[in-house]
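Have a look at the structure below before the remarks.
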Amino acid sequence: MRIVHSWLQELVPVGPELNGMDIDTIADVITNLGLNVEDVARVGGSVAGVITAKVLRTERHPDAAKVHRVYVDAGDGVERHVWCGAFNMQAGDMVPLATPGTVMPDGRAIEPKPILGISSDGMLCSARELSLGDDHAGIYILPSNVALGVPYGEALGLGEEIVYDVDVPRNRPDGNGHLGVARDLAAKFGLALTAEPALIDPVEPARSATVKIVDGNRCGRFTTIVMSGIAVGPSPEWIRRRLSAAGMRPLNNVVDVSNYVMLECNQPNHPYDFDTLGGGGFIVRRAKQGEEIVTLDDVTRTMSAADLLICDADNVPIGIGGIMGGKDSEISETTTTLALEMAWFEPNAIYASATRLGLRSEASIRFDRGVDPFGMGRAGSRFVELLRLTCPDLVVHAGGVDSRSKYLPRPNIITVRPSAVSALLGKDFHADSIRALIEPIGFSCEQVDADLQVVTPTWRPDCTLEVDITEEVARHHGYELLGRTIPKSTVPGGLTPLQHRRRRLREVLLGLGINEAMPHPFLAADDLAKAQLPAAAVRLTNPMTAGDDVLRTSLRPGLLKAVAFNESHRQFNVSLFEVGHVYPPSDDELPAEFEALAVVLAGAEAADAVGVWRELANAMGWGARLDQTNVPTGTHPARSATLSLGRDPVGVVGEIHPDVADAFEVSERVALLELNLSVLLTIEPSDARWKPTSRFPSSDLDLALVVPHAVTAEKIDKAIRQSAGALLVDLQLFDVYRGAAAGDGARSLAYRLRLQAPDRTLTDDDVAAVRTKVEAATSKMGVTLR
Amino acid sequence: MIDQIKAARESALKRLAAAATSDDVRAVEIDVLGKKGTLTDLKTALGKLSTIEEKKQAGSALNEASATVADALAARLAELRRAERAVQLEIERVDLTEIMRRPKRGHAHVVTQAWQRLEDVFVGLGFQVAEGPEVETDWYNFEALNMPANHPARSMHDTFYVDHGSPGSTVLRTHTSPVQMRVMQTVAPPIYMIMPGRVFRNETTDATHLAVFHQIEGLVIDRGITLPDLAGTIEAFTKSFFGADFTSRLRPSYFPFTEPSAEFDIRTPSGEWLELGGSGMVHPNVLRAGGLDPEEWSGFAFGFGIDRMAKERHAINDLREMYSNDVRFLEQF
């Protein structure tokens, strides 16, 4: 919401010249009242070099589709040629021309830049380019009566306006009008608001625009006033200026006053031409499913039965209730009699309709937050007061209609206990001090015993509970003045054991030289198929980009894409890991989400992945069975294994299937480790027990074993450990040989056994005995010693 | 004999002084003190001297000469070894900036680094850490947080819905606040908890907005918790995380799940205010949804983005860079 300083000043006397407050201080005060001022801008001052010019004619160029040639007269009788990308002007229109050399507010310098070899003698400007508002749809067409060839600011009587760009929170609908901001400021500074406009004095003859509310739960109130003696023409300069500064394009006196009243009183309103209003009245009803209406913006909208229509008395739709008027509902230049309509619509339904229609208007954003159900009186008076400035013959007719349904909200009455307010704010507030803070912003209070009965102002529909009043008290007292205390935590702070173990896991992986990646948790539709993983997955109902709608069931595709990305940037042999959630489908209330770890080592082999697994298992105190007979999907069939705890698979170790690597356009071998951390991190490992280190010398025994292919190294490992007995302190596989010398169907595995006794130096006989025992144990497995 | 001793001694010392290598020194040792060395020979010849007095004098001279030569020998040997070691060391000279390989260290993701730093700061303030699912029910994400169906405040959240359960029942959490509710349901107060995690918003990504990012949420519920307690905790966090020369402020704002609500900003030492996050006193409806009596318990909650902390700390100009998984990015931090 753009709040214009001079407008605010008309409602409350703040400012350097009035109460000594400079602009930045006022902005801070507004912010600290909960209406965050995001920016203070000075707008509408003239841009030097921009002058008024008259369009003589326009002309297309056969080779230019997006721009056309506009010939203008800037008052010196010379025909000037300007290229222009907007097409909304016609001969005779007055437009702002930025002459060559002009520096625009955004810093751009205007040069006679040629297009198709034809130079441009300046630039025609939109309202936004001149900081006159947000409108950038076309060139800013000036009123036809402005002087020619003079600075446009002079022609428009533009003075600089200071504008506060305020982020109005949802619970402060009144902040969408200058009056709401002024009320807060007046209370804060102890100033009085400007007196309300004089009440309307309707006169005979009575003329009524009839109202029939069919769906009263959607429309709580609908009022109409008929006024005649209207002469449509330009608005006073100061109204135009303020509207421009507030981001609205001035049009004519009637539309401008309508907008002005909305921006001041937060009451959207609609002036209809009473002479052309079908049946001379209104019907407010829900739409029929599929009923169509062309809105002001010339778009045909299809209604649902939940949307509300404003129809004329002949039941012809003339607007979408609370959202936008119909195409033909606007007044025309020949309008002389108006029916001014102001209403209150049910906020949530307006929000739902506007969302469904994708149509957010100045009216809808106000109605869906809740306008004041009793604000039409002041808004109507203000409308008449302002329109009379340009229509001195304006007559307000008796016979105004005020139609209400039982759904019109009433003020809330809230019991407020000063003790409860004090308890939450950490400071003593008595009934009197609470009153002093909230009565100036429209709450009326009555003391009953120690408590207050607080009647909320109707422009604050958000206030329904005691705690809402507590916030008002805090806001107007000032959050900062409540002070700061630190609660004493009565629980011991810290990470849970699981969180500590997750940190340890990361440290081990980082220590192994593996980088942590964070791929996107959404996958493309074919990613799972490319990875040869099961297709079952949970999908996004409303993905951001069509296609990226699969919630990952594995971290693998994301990391493979990361490897491919790095390869494509000539980064090879990358090692990446990710700790993240995956979301397999489930029949339960939520998907079977769990936390997983995946490690990919590009340019590495399965053994490297096993090495990472062993290191992790050792550091984390995990044991798991490596089952190479159970090959996980999407992995190299001869180089991969399932890791299992009991019967439950908890991971995958090995290599990516080359077909999968191809599908992801990865050229390197990729070693892979995947673990289910939601299972493994819950395992509380027992602490390692100290084993005394022997002070006696150790002896090494090297054994070369010829092992049939069918026998895994793990089994040999186990057999050696069991047979060697207590003297074995370390066992290393240090060489693997496959070749003719090892014979058919076997390979040679060379082990180094480090033997040591805790209490003596080993003899040759001790070593020989171990050798004999190992030989005996392994020979049963078809192993021979070389 | 005395003269012979003197001569042998002088000759040995002269040769030692001239010795160029440790081998030369060893040759002197053999020639003078060895089995057939000159001084050894003279020792054997002692017995042939006639008088005791002569024997005494010669013996004493001989001992002195042997000791002197032995000392000189050791000294010269040490000297030569030092010189030889020095030569060897110089031969081994390398240019320490000539680096072919370097040990590889893994780099924790910038977001993880910020996440853990934040955890550590709050742990220091006496907080525990809780987690929750990223796919949530509508009830936890919205309804229990005082945002019933069709509540317009839901428009502040661009929600991803997932095809699971009945339509609209399941969402990707739009904030970490649903974990508040899960904590309230499972942990009896007092609660001093932070809840970091991944969140999702269906909005167009750009340099400062992501559809998938991370937040950290704080929740304190105890007896007599006040708005100044919130301000004080935010201030303590600000000083602890950013530095003693930073300060914070609360300003009124609106969130459906807190009342009163506040945005909190931090002020940098250069006087610039940065919007950090949202906060407020836990709304009584939220306490009730969590099974707590608002007349007995009160509390505050706050939340802010983790990714932005990393972005600011490392002056990363585009949040999307953090999720490129380009090792040239990852290895910078």
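Letters A, B, ... mark the chains of the structure tokens in the order given; residue numbers begin at 1 per chain; ligand numbers begin at 1, in order shown.
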Set out as a tab-separated table a contact list for chain B and chain A with a cut-off of 6 Å, giving each residue of chain B that qualifies its closest atom pair and distance in Å to one decimal, counting only C-alpha atoms, ordered by chain and rising residue number.
```
residue	atom	partner	partner_atom	distance
B:Lys104	CA	A:Gly513	CA	5.0
B:Arg105	CA	A:Gly513	CA	4.2
B:Gly106	CA	A:Gly513	CA	3.9
B:His107	CA	A:Asn515	CA	4.7
B:Ala108	CA	A:Glu516	CA	5.1
B:His109	CA	A:Glu516	CA	5.2
B:Val123	CA	A:Gly494	CA	5.1
B:Gly126	CA	A:Gly493	CA	3.9
B:Phe127	CA	A:Gly493	CA	4.4
B:Gln128	CA	A:Gly493	CA	4.8
B:Val129	CA	A:Leu495	CA	5.8
B:Tyr161	CA	A:Thr541	CA	5.2
B:Val162	CA	A:Leu540	CA	4.2
B:Asp163	CA	A:Arg539	CA	5.5
B:Thr226	CA	A:Leu424	CA	4.7
B:Leu227	CA	A:Leu425	CA	5.1
B:Pro228	CA	A:Arg484	CA	4.4
B:Asp229	CA	A:Thr485	CA	4.7
B:Ala231	CA	A:Arg484	CA	5.3
B:Gly232	CA	A:Arg484	CA	4.3
B:Thr233	CA	A:Ile486	CA	5.6
B:Arg251	CA	A:Asn32	CA	5.3
B:Pro252	CA	A:Gly34	CA	4.2
B:Ser253	CA	A:Gly34	CA	5.2
B:Tyr254	CA	A:Pro169	CA	5.8
B:Pro260	CA	A:Glu471	CA	4.6
B:Tyr323	CA	A:Met518	CA	5.9
B:Asn325	CA	A:Ala517	CA	5.4
B:Asp326	CA	A:Asn566	CA	5.9
```
Selected residues written out, C-alpha atoms, as a PDB file, in the first residue's frame:
```pdb
ATOM      1  CA  LYS B 104      41.909 -34.373   0.077  1.00  0.00           C
ATOM      2  CA  ARG B 105      39.473 -33.045   2.600  1.00  0.00           C
ATOM      3  CA  GLY B 106      35.740 -33.321   2.189  1.00  0.00           C
ATOM      4  CA  HIS B 107      33.755 -30.094   2.416  1.00  0.00           C
ATOM      5  CA  ALA B 108      30.557 -29.917   4.400  1.00  0.00           C
ATOM      6  CA  HIS B 109      27.814 -28.134   2.485  1.00  0.00           C
ATOM      7  CA  VAL B 123      22.379 -25.455  22.444  1.00  0.00           C
ATOM      8  CA  GLY B 126      19.936 -24.245  26.673  1.00  0.00           C
ATOM      9  CA  PHE B 127      17.870 -25.462  23.734  1.00  0.00           C
ATOM     10  CA  GLN B 128      17.316 -29.002  22.517  1.00  0.00           C
ATOM     11  CA  VAL B 129      16.928 -29.944  18.862  1.00  0.00           C
ATOM     12  CA  TYR B 161       0.403 -30.484  -2.503  1.00  0.00           C
ATOM     13  CA  VAL B 162       1.205 -34.154  -3.032  1.00  0.00           C
ATOM     14  CA  ASP B 163      -0.934 -36.958  -4.367  1.00  0.00           C
ATOM     15  CA  THR B 226       6.584 -13.238  28.200  1.00  0.00           C
ATOM     16  CA  LEU B 227       7.095 -11.117  25.104  1.00  0.00           C
ATOM     17  CA  PRO B 228      10.256  -9.586  26.659  1.00  0.00           C
ATOM     18  CA  ASP B 229      11.538 -13.175  27.021  1.00  0.00           C
ATOM     19  CA  ALA B 231      13.035 -10.168  22.709  1.00  0.00           C
ATOM     20  CA  GLY B 232      15.807 -11.186  25.119  1.00  0.00           C
ATOM     21  CA  THR B 233      16.283 -14.598  23.522  1.00  0.00           C
ATOM     22  CA  ARG B 251       8.413  -4.930  15.383  1.00  0.00           C
ATOM     23  CA  PRO B 252       4.724  -5.800  15.257  1.00  0.00           C
ATOM     24  CA  SER B 253       3.610  -8.072  12.478  1.00  0.00           C
ATOM     25  CA  TYR B 254       1.061 -10.755  11.753  1.00  0.00           C
ATOM     26  CA  PRO B 260       1.208 -10.848  19.566  1.00  0.00           C
ATOM     27  CA  TYR B 323      22.377 -26.171  -4.928  1.00  0.00           C
ATOM     28  CA  ASN B 325      26.428 -29.392  -6.586  1.00  0.00           C
ATOM     29  CA  ASP B 326      29.338 -28.147  -8.639  1.00  0.00           C
TER      30      ASP B 326
END
```
> Any idea what's packed within 12 Å of B:Phe122, counting only C-alpha atoms, ignoring anything in its chain fewer than 2 positions away? Could you give it as a count of residues only?
Replying inline: 35
>> Using only C-alpha atoms, which protein or nucleic acid residues come within 12 Å of B:His157? Drop anything in the same chain fewer than 3 positions from it, and give the result as a ChimeraX atom specification.
In response: /B:141-142,147,151-154,160-161,171-175,199-203,211,255-256
>> Between atom CA of B:Glu331 and atom CA of A:Val660, what distance in Å does the model show, to one decimal?
In response: 26.9 Å
> Running DSSP on the backbone, which parts of stretch 365-561 of chain A land in strand (DSSP E or B), as a VMD selection string?
Replying inline: chain A and resid 395 to 397 401 to 404 413 to 416 444 to 448 451 to 455 494 515 to 516 522 to 523 539 to 540 550 to 551
Store the residues picked out above, limited to C-alpha atoms, as a PDB file, in the first residue's frame.
```pdb
ATOM      1  CA  VAL A 395     -27.740  16.716  -5.929  1.00  0.00           C
ATOM      2  CA  VAL A 396     -27.939  13.789  -3.546  1.00  0.00           C
ATOM      3  CA  HIS A 397     -31.406  12.345  -3.804  1.00  0.00           C
ATOM      4  CA  VAL A 401     -31.129   2.210  -0.037  1.00  0.00           C
ATOM      5  CA  ASP A 402     -29.344   0.376   2.800  1.00  0.00           C
ATOM      6  CA  SER A 403     -30.009  -3.326   2.470  1.00  0.00           C
ATOM      7  CA  ARG A 404     -28.525  -5.594   5.140  1.00  0.00           C
ATOM      8  CA  ILE A 413     -17.174  -7.660  22.767  1.00  0.00           C
ATOM      9  CA  ILE A 414     -14.132  -9.068  24.510  1.00  0.00           C
ATOM     10  CA  THR A 415     -13.468  -9.467  28.198  1.00  0.00           C
ATOM     11  CA  VAL A 416      -9.923  -8.341  28.832  1.00  0.00           C
ATOM     12  CA  SER A 444     -14.385   1.404  23.566  1.00  0.00           C
ATOM     13  CA  CYS A 445     -13.925   0.058  27.046  1.00  0.00           C
ATOM     14  CA  GLU A 446     -16.082  -0.369  30.086  1.00  0.00           C
ATOM     15  CA  GLN A 447     -14.603  -1.466  33.386  1.00  0.00           C
ATOM     16  CA  VAL A 448     -16.401  -4.345  35.120  1.00  0.00           C
ATOM     17  CA  ASP A 451     -11.687  -6.456  33.930  1.00  0.00           C
ATOM     18  CA  LEU A 452     -12.547  -4.465  30.856  1.00  0.00           C
ATOM     19  CA  GLN A 453     -15.399  -5.121  28.476  1.00  0.00           C
ATOM     20  CA  VAL A 454     -13.873  -4.034  25.185  1.00  0.00           C
ATOM     21  CA  VAL A 455     -15.998  -3.306  22.132  1.00  0.00           C
ATOM     22  CA  GLY A 494      21.994 -30.349  23.690  1.00  0.00           C
ATOM     23  CA  ASN A 515      32.167 -33.540  -0.427  1.00  0.00           C
ATOM     24  CA  GLU A 516      28.648 -32.955   0.763  1.00  0.00           C
ATOM     25  CA  PHE A 522      12.113 -33.503  -6.834  1.00  0.00           C
ATOM     26  CA  LEU A 523      12.876 -35.818  -9.715  1.00  0.00           C
ATOM     27  CA  ARG A 539       3.884 -37.168  -6.997  1.00  0.00           C
ATOM     28  CA  LEU A 540       3.396 -33.451  -6.554  1.00  0.00           C
ATOM     29  CA  VAL A 550       8.282 -36.983  -8.500  1.00  0.00           C
ATOM     30  CA  LEU A 551       9.212 -36.983  -4.820  1.00  0.00           C
TER      31      LEU A 551
END
```
> So which one's closest to A:Ala231, A:Ala192, A:Asp393, A:Asp135, A:Leu179? Using only C-alpha atoms, please.
Replying inline: A:Asp393
> If you run DSSP on this backbone, which residues of stretch 124-333 of chain B come out as alpha helix (DSSP H), and could you give them as a PyMOL selection string?
Replying inline: chain B and resi 124+138-141+177-186+227-242+284-289+306-313+327-330
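Taking atom CA of B:Gly243 as the reference point, atom CA of B:Glu259 is found at 29.2 Å.
Between atom CA of B:Thr258 and atom CA of A:Phe443 there is a distance of 21.6 Å.
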>> Please list as a count of residues only every residue within 10 Å of B:Ala20, counting only C-alpha atoms and excluding residues in the same chain fewer than 5 positions away.
In response: 5
>> Using only C-alpha atoms, can you tell me which of B:Asp293, B:Val282, B:Leu42, B:Arg320 comes closest to B:Lys55?
In response: B:Leu42
> Using only C-alpha atoms, which residues sit within 12 Å of B:Ile316 once same-chain residues fewer than 3 positions away are excluded, as an NGL selection string?
Replying inline: :B and (110-111 or 207-208 or 307-313 or 319-323 or 329 or 332-333)
>> With only C-alpha atoms as the counted atoms, please give the residues lying no more than 7 Å from stretch 720-723 of chain A, apart from itself and same-chain residues fewer than 4 positions off, as a PyMOL selection string.
In response: chain A and resi 716+773-774+777
> Contacts of A:Gly725 at 12 Å or less, counting only C-alpha atoms, minus same-chain residues fewer than 5 places along, as a list in words?
Replying inline: Lys718, Ala719, Ile720, Asp730, Leu731, Leu753, Arg754, Leu755, Gln756, Ala757, Asp766, Val767, Ala769, Val770, Arg771, Lys773, Val774 and Ala777 of chain A
Write the residues you've just listed into a file as a PDB file, in the first residue's frame, and include N, CA and C atoms for each of them.
```
ATOM      1  N   LYS A 718      37.061 -64.965   8.110  1.00  0.00           N
ATOM      2  CA  LYS A 718      36.437 -65.504   9.317  1.00  0.00           C
ATOM      3  C   LYS A 718      37.159 -66.778   9.775  1.00  0.00           C
ATOM      4  N   ALA A 719      37.490 -67.669   8.784  1.00  0.00           N
ATOM      5  CA  ALA A 719      38.150 -68.932   9.118  1.00  0.00           C
ATOM      6  C   ALA A 719      39.522 -68.669   9.738  1.00  0.00           C
ATOM      7  N   ILE A 720      40.238 -67.715   9.175  1.00  0.00           N
ATOM      8  CA  ILE A 720      41.568 -67.409   9.732  1.00  0.00           C
ATOM      9  C   ILE A 720      41.429 -66.883  11.160  1.00  0.00           C
ATOM     10  N   ASP A 730      46.129 -58.763  14.262  1.00  0.00           N
ATOM     11  CA  ASP A 730      45.745 -57.996  13.076  1.00  0.00           C
ATOM     12  C   ASP A 730      45.812 -58.902  11.866  1.00  0.00           C
ATOM     13  N   LEU A 731      44.887 -58.698  10.930  1.00  0.00           N
ATOM     14  CA  LEU A 731      44.841 -59.517   9.725  1.00  0.00           C
ATOM     15  C   LEU A 731      44.644 -58.603   8.524  1.00  0.00           C
ATOM     16  N   LEU A 753      49.333 -62.066   8.770  1.00  0.00           N
ATOM     17  CA  LEU A 753      48.804 -62.219  10.123  1.00  0.00           C
ATOM     18  C   LEU A 753      49.832 -61.657  11.096  1.00  0.00           C
ATOM     19  N   ARG A 754      49.424 -60.718  11.893  1.00  0.00           N
ATOM     20  CA  ARG A 754      50.339 -60.231  12.937  1.00  0.00           C
ATOM     21  C   ARG A 754      49.982 -60.953  14.223  1.00  0.00           C
ATOM     22  N   LEU A 755      50.986 -61.676  14.767  1.00  0.00           N
ATOM     23  CA  LEU A 755      50.762 -62.501  15.957  1.00  0.00           C
ATOM     24  C   LEU A 755      51.503 -61.894  17.132  1.00  0.00           C
ATOM     25  N   GLN A 756      50.875 -61.971  18.277  1.00  0.00           N
ATOM     26  CA  GLN A 756      51.509 -61.365  19.463  1.00  0.00           C
ATOM     27  C   GLN A 756      50.846 -61.959  20.701  1.00  0.00           C
ATOM     28  N   ALA A 757      51.681 -62.206  21.719  1.00  0.00           N
ATOM     29  CA  ALA A 757      51.139 -62.701  22.991  1.00  0.00           C
ATOM     30  C   ALA A 757      51.220 -61.590  24.016  1.00  0.00           C
ATOM     31  N   ASP A 766      55.407 -71.345  18.112  1.00  0.00           N
ATOM     32  CA  ASP A 766      54.088 -70.693  18.222  1.00  0.00           C
ATOM     33  C   ASP A 766      53.568 -70.346  16.830  1.00  0.00           C
ATOM     34  N   VAL A 767      54.452 -69.725  16.012  1.00  0.00           N
ATOM     35  CA  VAL A 767      54.057 -69.261  14.686  1.00  0.00           C
ATOM     36  C   VAL A 767      53.693 -70.465  13.814  1.00  0.00           C
ATOM     37  N   ALA A 769      52.606 -73.279  14.747  1.00  0.00           N
ATOM     38  CA  ALA A 769      51.350 -73.871  15.204  1.00  0.00           C
ATOM     39  C   ALA A 769      50.157 -73.121  14.604  1.00  0.00           C
ATOM     40  N   VAL A 770      50.255 -71.775  14.535  1.00  0.00           N
ATOM     41  CA  VAL A 770      49.167 -70.986  13.950  1.00  0.00           C
ATOM     42  C   VAL A 770      49.018 -71.354  12.486  1.00  0.00           C
ATOM     43  N   ARG A 771      50.146 -71.453  11.820  1.00  0.00           N
ATOM     44  CA  ARG A 771      50.127 -71.790  10.382  1.00  0.00           C
ATOM     45  C   ARG A 771      49.409 -73.126  10.172  1.00  0.00           C
ATOM     46  N   LYS A 773      47.216 -74.566  12.113  1.00  0.00           N
ATOM     47  CA  LYS A 773      45.785 -74.479  12.432  1.00  0.00           C
ATOM     48  C   LYS A 773      45.015 -73.807  11.287  1.00  0.00           C
ATOM     49  N   VAL A 774      45.613 -72.734  10.721  1.00  0.00           N
ATOM     50  CA  VAL A 774      44.938 -72.019   9.639  1.00  0.00           C
ATOM     51  C   VAL A 774      44.834 -72.926   8.421  1.00  0.00           C
ATOM     52  N   ALA A 777      42.092 -75.426   8.943  1.00  0.00           N
ATOM     53  CA  ALA A 777      40.743 -74.842   8.880  1.00  0.00           C
ATOM     54  C   ALA A 777      40.361 -74.502   7.448  1.00  0.00           C
TER      55      ALA A 777
END
```
